[in-house]
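Participant: Here you go, this is start_36.txt (compact mmCIF, C-alpha atoms).
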```
# COMPACT_ATOMS: atom_id res chain seq x y z
CA MET A 160 22.97 -51.58 36.76
CA LEU A 161 25.09 -48.59 35.93
CA LEU A 162 24.83 -49.48 32.26
CA MET A 163 21.01 -49.63 32.51
CA LYS A 164 20.88 -46.23 34.21
CA THR A 165 23.17 -44.68 31.61
CA MET A 166 21.02 -46.13 28.79
CA MET A 167 17.85 -44.77 30.39
CA ILE A 168 19.31 -41.26 30.72
CA PHE A 169 20.67 -41.50 27.19
CA SER A 170 17.33 -42.58 25.70
CA ARG A 171 15.43 -39.94 27.69
CA LYS A 172 17.76 -37.28 26.27
CA TRP A 173 17.20 -38.61 22.78
CA PHE A 174 13.46 -38.64 23.34
CA ASN A 175 13.55 -34.99 24.48
CA PHE A 176 15.71 -34.02 21.54
CA PHE A 177 13.36 -35.79 19.10
CA SER A 178 10.34 -34.11 20.64
CA VAL A 179 11.85 -30.65 20.38
CA VAL A 180 12.97 -31.19 16.79
CA LEU A 181 9.60 -32.64 15.76
CA VAL A 182 7.58 -29.86 17.35
CA ALA A 183 9.91 -27.22 15.91
CA SER A 184 9.72 -28.67 12.41
CA MET A 185 5.92 -28.93 12.61
CA LEU A 186 5.71 -25.33 13.80
CA PHE A 187 8.03 -23.98 11.13
CA ALA A 188 6.35 -25.98 8.39
CA SER A 189 3.06 -24.23 9.04
CA CYS A 190 4.44 -20.86 10.17
CA LYS A 191 4.02 -17.92 7.79
CA VAL A 192 3.93 -14.30 8.77
CA THR A 193 1.30 -11.98 7.27
CA PHE A 194 1.59 -8.19 7.30
CA VAL A 195 -0.63 -7.27 4.34
CA PRO A 196 -3.85 -8.72 2.89
CA GLU A 197 -3.82 -10.57 -0.43
CA TYR A 198 -3.80 -8.59 -3.68
CA ASP A 199 -7.35 -8.01 -4.90
CA ALA A 200 -7.56 -7.74 -8.71
CA GLU A 201 -11.22 -6.75 -8.57
CA LEU A 202 -10.48 -3.88 -6.19
CA SER A 203 -7.56 -2.81 -8.35
CA ALA A 204 -9.90 -2.65 -11.35
CA GLN A 205 -12.40 -0.59 -9.35
CA ILE A 206 -9.65 1.88 -8.37
CA ASP A 207 -8.82 2.23 -12.06
CA GLU A 208 -12.49 2.81 -12.98
CA SER A 209 -12.92 5.39 -10.19
CA ALA A 210 -9.77 7.21 -11.30
CA LYS A 211 -11.16 7.37 -14.84
CA LEU A 212 -14.52 8.62 -13.55
CA VAL A 213 -12.88 11.53 -11.70
CA ASP A 214 -10.57 12.30 -14.62
CA ARG A 215 -13.55 12.43 -17.01
CA PHE A 216 -15.53 14.58 -14.56
CA TYR A 217 -12.86 17.30 -14.41
CA LEU A 218 -11.82 17.05 -18.08
CA GLU A 219 -15.43 17.49 -19.25
CA MET A 220 -15.84 20.44 -16.88
CA LEU A 221 -12.63 22.00 -18.20
CA GLU A 222 -13.20 21.39 -21.91
CA THR A 223 -16.95 21.82 -22.29
CA THR A 224 -17.86 24.58 -19.81
CA SER A 225 -16.65 27.96 -18.60
CA ASN A 226 -17.40 30.21 -15.65
CA GLN A 227 -19.25 32.66 -17.93
CA ASN A 228 -23.04 32.77 -17.55
CA ASP A 229 -22.92 30.41 -14.57
CA GLY A 230 -21.63 27.65 -16.85
CA ARG A 231 -19.92 26.02 -13.91
CA ALA A 232 -22.65 26.53 -11.33
CA PHE A 233 -22.54 23.78 -8.71
CA GLU A 234 -26.01 22.43 -9.49
CA LYS A 235 -24.87 21.48 -13.02
CA PHE A 236 -22.37 19.04 -11.57
CA ILE A 237 -24.27 17.55 -8.63
CA GLN A 238 -24.83 14.21 -10.35
CA GLY A 239 -21.13 13.89 -11.15
CA TYR A 240 -20.19 14.63 -7.56
CA ILE A 241 -22.69 12.03 -6.30
CA ASP A 242 -21.41 9.35 -8.73
CA VAL A 243 -17.82 9.84 -7.59
CA GLU A 244 -18.72 9.97 -3.88
CA VAL A 245 -20.62 6.68 -4.22
CA GLU A 246 -17.55 5.08 -5.81
CA LEU A 247 -15.23 6.43 -3.12
CA ASN A 248 -17.53 5.21 -0.34
CA SER A 249 -17.61 1.79 -1.97
CA LEU A 250 -13.80 1.67 -2.20
CA LEU A 251 -13.49 2.75 1.42
CA ASN A 252 -15.89 0.07 2.66
CA LYS A 253 -14.24 -2.68 0.61
CA ASN A 254 -10.85 -1.72 2.05
CA LYS A 255 -12.15 -1.31 5.58
CA ILE A 256 -13.55 -4.83 5.92
CA LYS A 257 -10.21 -6.47 5.10
CA PRO A 258 -7.94 -7.29 8.02
CA LEU A 259 -4.40 -5.82 8.03
CA ASN A 260 -5.51 -3.21 5.51
CA GLU A 261 -5.19 0.03 7.49
CA ASN A 262 -2.81 1.66 4.97
CA SER A 263 -5.11 1.30 1.96
CA THR A 264 -8.07 2.29 4.12
CA ARG A 265 -6.33 5.51 5.16
CA ILE A 266 -5.57 6.44 1.53
CA CYS A 267 -9.29 6.02 0.72
CA GLU A 268 -10.29 8.12 3.73
CA ILE A 269 -7.99 10.95 2.64
CA THR A 270 -9.28 10.80 -0.94
CA LEU A 271 -12.89 10.93 0.24
CA GLU A 272 -12.13 13.76 2.69
CA LEU A 273 -10.54 15.92 -0.03
CA TRP A 274 -13.29 15.07 -2.52
CA LYS A 275 -15.94 16.33 -0.09
CA LYS A 276 -13.85 19.40 0.74
CA TYR A 277 -13.42 20.46 -2.90
CA LYS A 278 -17.09 19.70 -3.60
CA ASN A 279 -18.08 22.05 -0.77
CA GLU A 280 -15.72 24.73 -2.06
CA HIS A 281 -17.39 24.49 -5.47
CA LYS A 282 -20.78 24.66 -3.77
CA THR A 283 -19.81 27.76 -1.75
CA ASP A 284 -18.17 29.64 -4.65
CA ASN A 285 -20.68 28.33 -7.23
CA SER A 286 -17.83 28.49 -9.76
CA LEU A 287 -14.50 26.79 -10.43
CA SER A 288 -11.57 28.32 -12.32
CA ASP A 289 -9.60 26.43 -15.00
CA GLY A 290 -6.56 26.46 -12.73
CA LEU A 291 -8.43 24.90 -9.82
CA ILE A 292 -9.95 22.23 -12.08
CA LYS A 293 -6.42 21.35 -13.24
CA LEU A 294 -5.16 21.27 -9.64
CA ASN A 295 -8.06 19.11 -8.43
CA ARG A 296 -7.64 16.74 -11.38
CA GLN A 297 -3.94 16.38 -10.63
CA THR A 298 -4.52 15.93 -6.90
CA PHE A 299 -7.02 13.10 -7.35
CA GLY A 300 -4.91 11.53 -10.11
CA ASP A 301 -2.05 11.39 -7.59
CA LEU A 302 -4.25 10.00 -4.80
CA PHE A 303 -5.60 7.24 -7.06
CA TYR A 304 -2.01 6.49 -8.08
CA ALA A 305 -1.12 6.07 -4.37
CA MET A 306 -4.19 3.83 -3.93
CA GLN A 307 -3.13 1.69 -6.92
CA VAL A 308 0.50 1.52 -5.70
CA ALA A 309 -0.76 0.22 -2.35
CA GLU A 310 -2.98 -2.42 -3.95
CA LYS A 311 -0.35 -3.54 -6.46
CA GLY A 312 2.24 -3.60 -3.67
CA LYS A 313 0.35 -6.53 -2.16
CA GLU A 314 1.17 -8.52 -5.32
CA ILE A 315 4.86 -8.59 -4.25
CA VAL A 316 4.04 -11.27 -1.67
CA SER A 317 2.84 -13.77 -4.26
CA GLU A 318 5.40 -12.92 -6.98
CA PRO A 319 7.93 -15.69 -7.66
CA PRO A 320 11.59 -14.82 -6.85
CA LYS A 321 13.35 -12.92 -9.65
CA MET B 64 23.49 -35.30 10.83
CA LYS B 65 24.50 -32.12 12.68
CA PHE B 66 22.31 -29.07 12.64
CA ASP B 67 24.59 -26.20 11.55
CA ILE B 68 23.02 -23.10 13.08
CA GLU B 69 25.73 -20.76 11.67
CA GLN B 70 25.13 -21.97 8.12
CA THR B 71 21.35 -21.82 8.58
CA ILE B 72 21.50 -18.22 9.87
CA ASN B 73 23.73 -17.25 6.93
CA ASP B 74 21.29 -18.89 4.50
CA MET B 75 18.37 -17.08 6.16
CA LEU B 76 20.16 -13.74 5.83
CA ALA B 77 20.92 -14.48 2.19
CA ALA B 78 17.23 -15.23 1.58
CA ILE B 79 16.20 -11.92 3.20
CA LYS B 80 18.83 -9.98 1.22
CA GLY B 81 17.69 -11.64 -2.01
CA VAL B 82 14.05 -10.64 -1.52
CA VAL B 83 14.90 -7.04 -0.54
CA SER B 84 17.27 -6.52 -3.47
CA ASP B 85 14.75 -8.10 -5.87
CA HIS B 86 12.24 -5.39 -5.00
CA TRP B 87 14.53 -2.44 -4.32
CA ASP B 88 13.92 -0.97 -7.79
CA GLU B 89 10.14 -0.95 -7.19
CA VAL B 90 10.59 1.06 -3.99
CA LYS B 91 12.91 3.50 -5.75
CA THR B 92 10.60 3.96 -8.75
CA VAL B 93 7.55 4.63 -6.58
CA ALA B 94 9.42 7.09 -4.30
CA THR B 95 10.76 8.98 -7.32
CA GLU B 96 7.30 9.14 -8.90
CA PHE B 97 5.75 10.47 -5.67
CA LEU B 98 8.41 13.21 -5.50
CA LYS B 99 7.89 14.16 -9.15
CA ARG B 100 4.13 14.38 -8.70
CA ARG B 101 4.59 16.47 -5.54
CA LYS B 102 6.85 18.89 -7.41
CA ASP B 103 4.26 19.27 -10.22
CA ARG B 104 1.44 19.95 -7.74
CA LEU B 105 3.43 22.48 -5.73
CA GLN B 106 4.44 24.26 -8.93
CA LEU B 107 0.81 24.49 -10.01
CA ILE B 108 -0.29 25.73 -6.56
CA ALA B 109 2.41 28.45 -6.68
CA GLU B 110 1.37 29.47 -10.22
CA LEU B 111 -2.28 29.72 -9.19
CA ARG B 112 -1.37 31.88 -6.18
CA ILE B 113 0.79 34.18 -8.33
CA SER B 114 -1.96 34.51 -10.98
CA GLY B 115 -4.50 35.25 -8.23
CA GLU B 116 -6.70 32.22 -8.99
CA LEU B 117 -5.96 31.06 -5.44
CA SER B 118 -6.61 33.45 -2.57
CA GLN B 119 -4.13 33.48 0.33
CA GLU B 120 -6.64 31.54 2.44
CA LYS B 121 -7.12 28.84 -0.22
CA PHE B 122 -3.39 28.77 -0.92
CA GLU B 123 -2.73 27.93 2.73
CA SER B 124 -5.58 25.43 2.72
CA ARG B 125 -4.06 23.66 -0.32
CA LEU B 126 -0.67 23.55 1.35
CA ASN B 127 -2.34 21.88 4.33
CA ASP B 128 -3.93 19.36 1.95
CA GLU B 129 -0.41 18.52 0.78
CA LYS B 130 0.21 17.03 4.24
CA LEU B 131 -2.72 14.67 3.72
CA ILE B 132 -1.52 13.72 0.24
CA ALA B 133 1.96 13.04 1.66
CA GLU B 134 0.33 10.84 4.31
CA ALA B 135 -1.48 8.89 1.58
CA GLU B 136 1.79 8.41 -0.30
CA LEU B 137 3.58 7.25 2.85
CA ASN B 138 0.78 4.75 3.45
CA ALA B 139 1.24 3.41 -0.09
CA ALA B 140 4.99 3.08 0.47
CA ALA B 141 4.29 1.35 3.80
CA VAL B 142 2.28 -1.36 2.00
CA ILE B 143 5.24 -2.08 -0.32
CA SER B 144 7.63 -2.19 2.67
CA LYS B 145 5.32 -4.52 4.60
CA ALA B 146 4.87 -6.79 1.56
CA ILE B 147 8.66 -7.02 1.10
CA ALA B 148 9.13 -7.66 4.84
CA GLN B 149 6.48 -10.41 4.72
CA LYS B 150 8.09 -12.08 1.72
CA ALA B 151 11.59 -11.82 3.27
CA ALA B 152 10.46 -13.17 6.64
CA ASN B 153 8.69 -16.12 5.04
CA ALA B 154 11.72 -16.86 2.83
CA ALA B 155 13.89 -16.96 5.99
CA ILE B 156 11.36 -19.19 7.79
CA ASP B 157 11.36 -21.53 4.76
CA VAL B 158 15.15 -21.81 4.95
CA LEU B 159 15.03 -22.63 8.68
CA SER B 160 12.15 -25.04 8.17
CA LYS B 161 14.00 -26.91 5.40
CA ALA B 162 17.20 -27.07 7.46
CA VAL B 163 15.37 -28.52 10.47
CA LYS B 164 13.39 -30.92 8.26
CA GLY B 165 16.63 -32.12 6.65
CA VAL B 166 18.07 -33.04 10.05
CA VAL B 167 14.81 -34.68 11.18
CA ASP B 168 14.57 -36.75 7.97
CA VAL B 169 18.11 -38.08 8.45
CA ILE B 170 17.52 -38.93 12.13
CA ILE B 171 14.19 -40.65 11.54
```
Any chance you could give the structure as structure tokens?
Facilitator:
Amino acid sequence: MLLMKTMMIFSRKWFNFFSVVLVASMLFASCKVTFVPEYDAELSAQIDESAKLVDRFYLEMLETTSNQNDGRAFEKFIQGYIDVEVELNSLLNKNKIKPLNENSTRICEITLELWKKYKNEHKTDNSLSDGLIKLNRQTFGDLFYAMQVAEKGKEIVSEPPK
Amino acid sequence: MKFDIEQTINDMLAAIKGVVSDHWDEVKTVATEFLKRRKDRLQLIAELRISGELSQEKFESRLNDEKLIAEAELNAAAVISKAIAQKAANAAIDVLSKAVKGVVDVII
């Protein structure tokens, strides 16, 4: 009788132990944490294209125009400003719809905010000095670099161990 | 087969350390590049103020914009940190998972 009782307790303990171990192993086998979205090669390429678009916009303004005779009047560059703003809006929306992507989204928001600000300054002054063109070009180059660093950073997750 | 929690924890820590050290250079390179770019921008802003191309009002406005650019750079660095943390956490979970699976396989 005592032996039977002992065996029952013993087997119940084993059953509990097995259950815990099985559940734990099933949980761990499927458990992966996710802090960032997957790397998006298409988005990375679009960031590169947008960076080139802005670089070309300011370089052409710097090299082919001057402030003399209203050569840098705002109206002469409206189309360029629209093209870039469309690209920046597109980048922002593509980032916004991805879950866990608040960092990249914020970088896009800042870039768009400063783009609109400098566009309005150009509109108000109706001219842009060489120095300001250089500063704007550098500023956006640096913001696109930050955007690209953020996107490429997501590649770390899928890289094989070194 | 005995489940050695001490050994498993040590292996998990080693996995985390491995992932972090694998990517430490990337973090360092990006941080250095951000600082270099910041220095270049601030130098240009100062030059433009001294030459008079930037009025005092616009000079202050540009310095305020620097805060936004710094925020963008910090967000970029945050993505790298999160990606490394994700990879390290999953490497540790893999170690634990394999250790538990090894014990289960022997028992079953």
Participant: Leaving out Glu244 (chain A) and any residue of its chain fewer than 2 positions from it, which residues lie within 12 Å of it when counting only C-alpha atoms, given as a ChimeraX atom specification?
Facilitator: /A:209-210,212-213,237-242,246-251,267-268,270-278
Participant: CA of Glu261 (chain A) and CA of Asn138 (chain B) are how many Å apart?
Facilitator: 8.6 Å
Participant: Residues at most 12 Å from Glu96 (chain B), counting only C-alpha atoms, excluding those fewer than 3 positions away in the same chain, as number ranges by chain?
Facilitator: A: 301, 304-305, 308; B: 89-93, 99-103, 136, 140
Participant: Restricting the calculation to all atoms listed in the file: of B:Ile143, B:Ile68, B:Ala155, B:Val169, which residue gets closest to chain A?
Facilitator: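 When distances to chain A are compared using all atoms listed in the file, the smallest one comes from B:Ile143.
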Participant: Could you pull the residues within 8 Å of region 282-292 of chain A, counting all atoms listed in the file, minus those fewer than 6 positions along the same chain, as a list of chain:residue names?
Facilitator: A:Tyr217, A:Met220, A:Leu221, A:Asn226, A:Asp229, A:Arg231, A:Ala232, A:Phe233, B:Leu111, B:Glu116, B:Leu117
Participant: Got a sec: who's within 12 Å of Ser84 (chain B), counting all atoms listed in the file, leaving out chain neighbours fewer than 5 positions off, as a ChimeraX atom specification?
Facilitator: /A:320-321 /B:77-79,89-91,147-148,150-151
Participant: Please identify all residues of chain B having at least one atom at most 9 Å from any atom of chain A, considering only C-alpha atoms, and return them as a ChimeraX atom specification.
Facilitator: /B:81-82,85-86,93,97,100-101,103-104,107-108,110-111,116-117,128,131-132,134-150,152-153,156-157,159-161,163-164,166-167,170
Participant: What separation in Å, quoted to one decimal, exists between CA of Glu208 (chain A) and CA of Arg125 (chain B)?
Facilitator: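 CA of Arg125 (chain B) lies 25.8 Å from CA of Glu208 (chain A).
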Participant: Between CA of Glu201 (chain A) and CA of Thr95 (chain B), what is the spacing in Å?
Facilitator: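 Those two atoms sit 27.1 Å apart.
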Participant: Between B:Val83, B:Ala133, B:Phe122, B:Gly115, single out the one closest to Leu98 (chain B), counting only C-alpha atoms.
Facilitator: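 Of B:Val83, B:Ala133, B:Phe122, B:Gly115, the one nearest Leu98 (chain B) is B:Ala133, counting only C-alpha atoms.
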Participant: Quick one: what's the axis-aligned box for region 267-278 of chain A, all listed atoms, 5 Å on every side, centre and edges in Å to one decimal, as lines of an AutoDock Vina configuration file?
Facilitator:
```
center_x = -12.5
center_y = 13.2
center_z = 0.1
size_x = 19.1
size_y = 24.4
size_z = 17.3
```
Participant: Give the answer as one residue: which of A:His281, A:Leu202, A:Lys255, A:Arg296 has the shortest atom-to-atom distance to Phe236 (chain A), using all atoms listed in the file?
Facilitator: A:His281
